[in-house]
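See below for the structure under consideration.
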Amino acid sequence: MANKFIVATAPHMHSPESTKSLMRDVLIALVPAFIVSAYVYGLDALRVTAIAVVSCVLVEYLIQKFLLKGATTIGNLSAVVTGVLLAFNMPANIAWWIVVVGSIVAIGVAKMTFGGLGRNPFNPALVGRVFLLIAYPAQMTSFPQPAVGEYVDALAGATPLAALKAQAVAVGDVNLLNMFAGVMPGSMGEIAAAALLAGGLYMLWRRVITWHIPVAVLGSMAAFAFVVALAQGGVSSLMYELPAFHLLAGGAMLGAIFMATDYVTSPMNPKGMIIYGIGIGLITMVIRQWGAYPEGMSFAILIMNAVAPLINKYVKPKRFGVIKNK
């Protein structure tokens, strides 16, 4: 008798939602952050996002059409989401050809090499971002100043994390409210914590994501920063200022809400998600505190992407109908 059971690639979910509808919800959730980026950086934000999206879609189409010679899947919007997230991990003033290179790496190497959506072990947008950071460090770490609001002069040409790492500013010198609103130098997706949180709430409402990974990532980062602040300054205002600073700075919000929660590269059960999120948060803070780079979110997520299969293997939900021996 022929085997009629077909086992597809992860994620294994029973839901009336399609890949296209899920990707559409993610894009809707990214709209507030995109609006803030466009307001702060103007047409450059539109330029980088458009180039990244078109490049990612085109690369996926060409590979499927002429190399794999199979059906094209650009209609499921996953390449569009990758393009937007890749753009959000870049400075708004970056050269167009670097955006194209990042798109080729993200789609051609990190996604299609492994067989396309559902088979890639690493988040494609983050692979593209890390490749560009290593290949073009100067271009990827030179940020334009916000066109609105006021900011600390010491932040000129540097993100708050980079300025803190270089000891150019103290945590108390940076306006946390400005960071929350997006008035600071940084990548397009780093400067809009409030907008990213709004997008995260929308995805929670739509049940695109669950709370486990974002809360585990941000909670472990805050706890780590609290312990560091306690060790550095004892009982002081630094105990709440430093955790707040690290949650608002860099790619914390973007990574925790939009990158770490990727279905394909994250664990499949709540307990595994919490372990995965805590790992991301701790690795991020270790890199921020003692690493060579001021930011560690991208590296932390990619490291935990590699660990996710092990988490899925050893952290499993309780089986139904199993009776323990007495």
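The chains in the structure tokens are called A, B, ... from first to last as shown; in each chain the residues are counted from 1, and the ligands are counted from 1 in the order shown.
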Selection near Met239 of chain A, 9 Å with only C-alpha atoms, sequence-local residues under 5 positions removed, as an MDAnalysis selection string: chainID A and resid 225:230 233:234
Give me, as CSV, each residue of segment 194-271 of chain A that comes within 7 Å of segment 23-44 of chain A, together with its shortest interatomic pair and the distance in Å at one decimal, counting only C-alpha atoms, with rows ordered by chain and rising residue number.
```
residue,atom,partner,partner_atom,distance
A:Ala195,CA,A:Ala33,CA,4.8
A:Leu196,CA,A:Ala33,CA,5.7
A:Gly199,CA,A:Ala29,CA,4.0
A:Gly200,CA,A:Ala29,CA,6.7
A:Tyr202,CA,A:Ala29,CA,6.2
A:Met203,CA,A:Ala29,CA,6.6
```
Which residue of A:Ile280, A:Ala181, A:Ala166, A:Leu68 approaches Ala216 of chain A most closely, using only C-alpha atoms: A:Ile280
Listing only residues of segment 243-274 of chain A within 8 Å of segment 283-299 of chain A, what is the closest atom pair and its distance in Å (to one decimal) for each, using only C-alpha atoms, sorted by chain and residue number ascending, as CSV?
```
residue,atom,partner,partner_atom,distance
A:Gly250,CA,A:Glu295,CA,6.5
A:Gly251,CA,A:Met297,CA,6.2
A:Ala252,CA,A:Met297,CA,6.5
A:Gly255,CA,A:Met297,CA,6.5
```
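The interatomic distance for the pair atom CA of Ile94 of chain A and atom CA of Leu247 of chain A works out to 25.1 Å.
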Every residue of segment 48-293 of chain A that DSSP places in helix (DSSP H, G or I), as an MDAnalysis selection string: chainID A and resid 48:67 74:76 78:88 96:109 112:114 124:135 137:140 153:155 160:165 171:173 176:181 193:205 212:233 238:248 252:259 270:290
Nearby residues (only C-alpha atoms) at most 7 Å from Ile107 of chain A, same-chain spacing under 5 positions excluded, as a PyMOL selection string: chain A and resi 56+59-60+112+124
Within 9 Å of Ala260 of chain A using only C-alpha atoms, minus same-chain residues under 5 positions, as number ranges by chain: A: 123, 213-214, 217, 254-255, 265-266, 276-277, 280, 301-302, 304-305
Spatial neighbours of Pro309 of chain A, max dist 12 Å, only C-alpha atoms, sep filter under 5 positions, as a short mmCIF file (atom, residue, chain, number, x, y, z; two decimals) with N, CA, C and O atoms, in the first residue's frame:
```cif
data_model
loop_
_atom_site.label_atom_id
_atom_site.label_comp_id
_atom_site.auth_asym_id
_atom_site.auth_seq_id
_atom_site.Cartn_x
_atom_site.Cartn_y
_atom_site.Cartn_z
N ALA A 10 9.14 22.23 8.36
CA ALA A 10 8.63 23.09 9.43
C ALA A 10 8.37 24.50 8.87
O ALA A 10 8.98 24.89 7.88
N PRO A 11 7.48 25.26 9.50
CA PRO A 11 6.75 24.95 10.72
C PRO A 11 5.50 24.11 10.46
O PRO A 11 4.86 24.25 9.43
N ASN A 120 15.26 27.19 5.40
CA ASN A 120 16.45 27.94 5.78
C ASN A 120 16.67 27.88 7.29
O ASN A 120 15.76 28.18 8.07
N PRO A 121 17.88 27.49 7.74
CA PRO A 121 18.13 27.40 9.18
C PRO A 121 18.40 28.75 9.85
O PRO A 121 18.28 28.87 11.06
N PHE A 122 18.76 29.76 9.06
CA PHE A 122 19.10 31.07 9.60
C PHE A 122 18.19 32.14 9.00
O PHE A 122 17.75 32.02 7.86
N VAL A 264 10.33 29.86 10.99
CA VAL A 264 11.20 28.80 10.47
C VAL A 264 12.42 28.59 11.35
O VAL A 264 12.86 27.45 11.55
N THR A 265 12.98 29.65 11.89
CA THR A 265 14.27 29.57 12.58
C THR A 265 14.17 29.60 14.09
O THR A 265 15.19 29.67 14.77
N SER A 266 12.97 29.56 14.65
CA SER A 266 12.79 29.58 16.10
C SER A 266 12.12 28.30 16.57
O SER A 266 11.52 27.57 15.78
N PRO A 267 12.22 27.97 17.86
CA PRO A 267 11.60 26.75 18.39
C PRO A 267 10.08 26.74 18.22
O PRO A 267 9.46 27.79 18.05
N MET A 268 9.50 25.54 18.35
CA MET A 268 8.09 25.38 18.02
C MET A 268 7.17 25.28 19.23
O MET A 268 5.96 25.24 19.06
N ASN A 269 7.72 25.23 20.45
CA ASN A 269 6.84 25.14 21.62
C ASN A 269 7.20 26.23 22.63
O ASN A 269 8.33 26.74 22.63
N GLY A 272 10.44 25.95 24.77
CA GLY A 272 11.61 26.14 23.92
C GLY A 272 11.79 27.58 23.51
O GLY A 272 12.92 28.08 23.42
N MET A 273 10.67 28.28 23.23
CA MET A 273 10.74 29.69 22.85
C MET A 273 11.35 30.54 23.96
O MET A 273 12.15 31.46 23.70
N TYR A 276 15.07 29.85 24.14
CA TYR A 276 15.64 30.49 22.95
C TYR A 276 15.75 32.00 23.16
O TYR A 276 16.80 32.61 22.88
N ILE A 303 23.18 32.84 16.26
CA ILE A 303 23.70 31.76 17.10
C ILE A 303 22.57 30.88 17.62
O ILE A 303 22.63 29.65 17.58
N MET A 304 21.50 31.53 18.09
CA MET A 304 20.37 30.76 18.63
C MET A 304 19.56 30.10 17.51
O MET A 304 18.89 29.09 17.76
N TYR A 314 15.17 18.41 22.29
CA TYR A 314 15.24 18.03 23.69
C TYR A 314 14.18 18.70 24.58
O TYR A 314 13.97 18.26 25.71
N VAL A 315 13.55 19.76 24.07
CA VAL A 315 12.49 20.42 24.85
C VAL A 315 11.19 20.21 24.10
O VAL A 315 10.86 20.93 23.17
N LYS A 316 10.46 19.20 24.52
CA LYS A 316 9.24 18.83 23.81
C LYS A 316 8.04 18.95 24.74
O LYS A 316 8.16 18.77 25.95
#
```
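Closest approach to Leu117 of chain A among A:Leu77, A:Ile134, A:Ala170, A:Leu201: A:Leu77, based on only C-alpha atoms.
Remark: for Ala194 of chain A, the closest of the candidate residues A:Leu248, A:Val105, A:Phe224, A:Ile63 is A:Leu248 (distances computed over only C-alpha atoms).
Atom CA of Gly281 of chain A to atom CA of Leu161 of chain A spans 15.6 Å [interatomic distance, one decimal].
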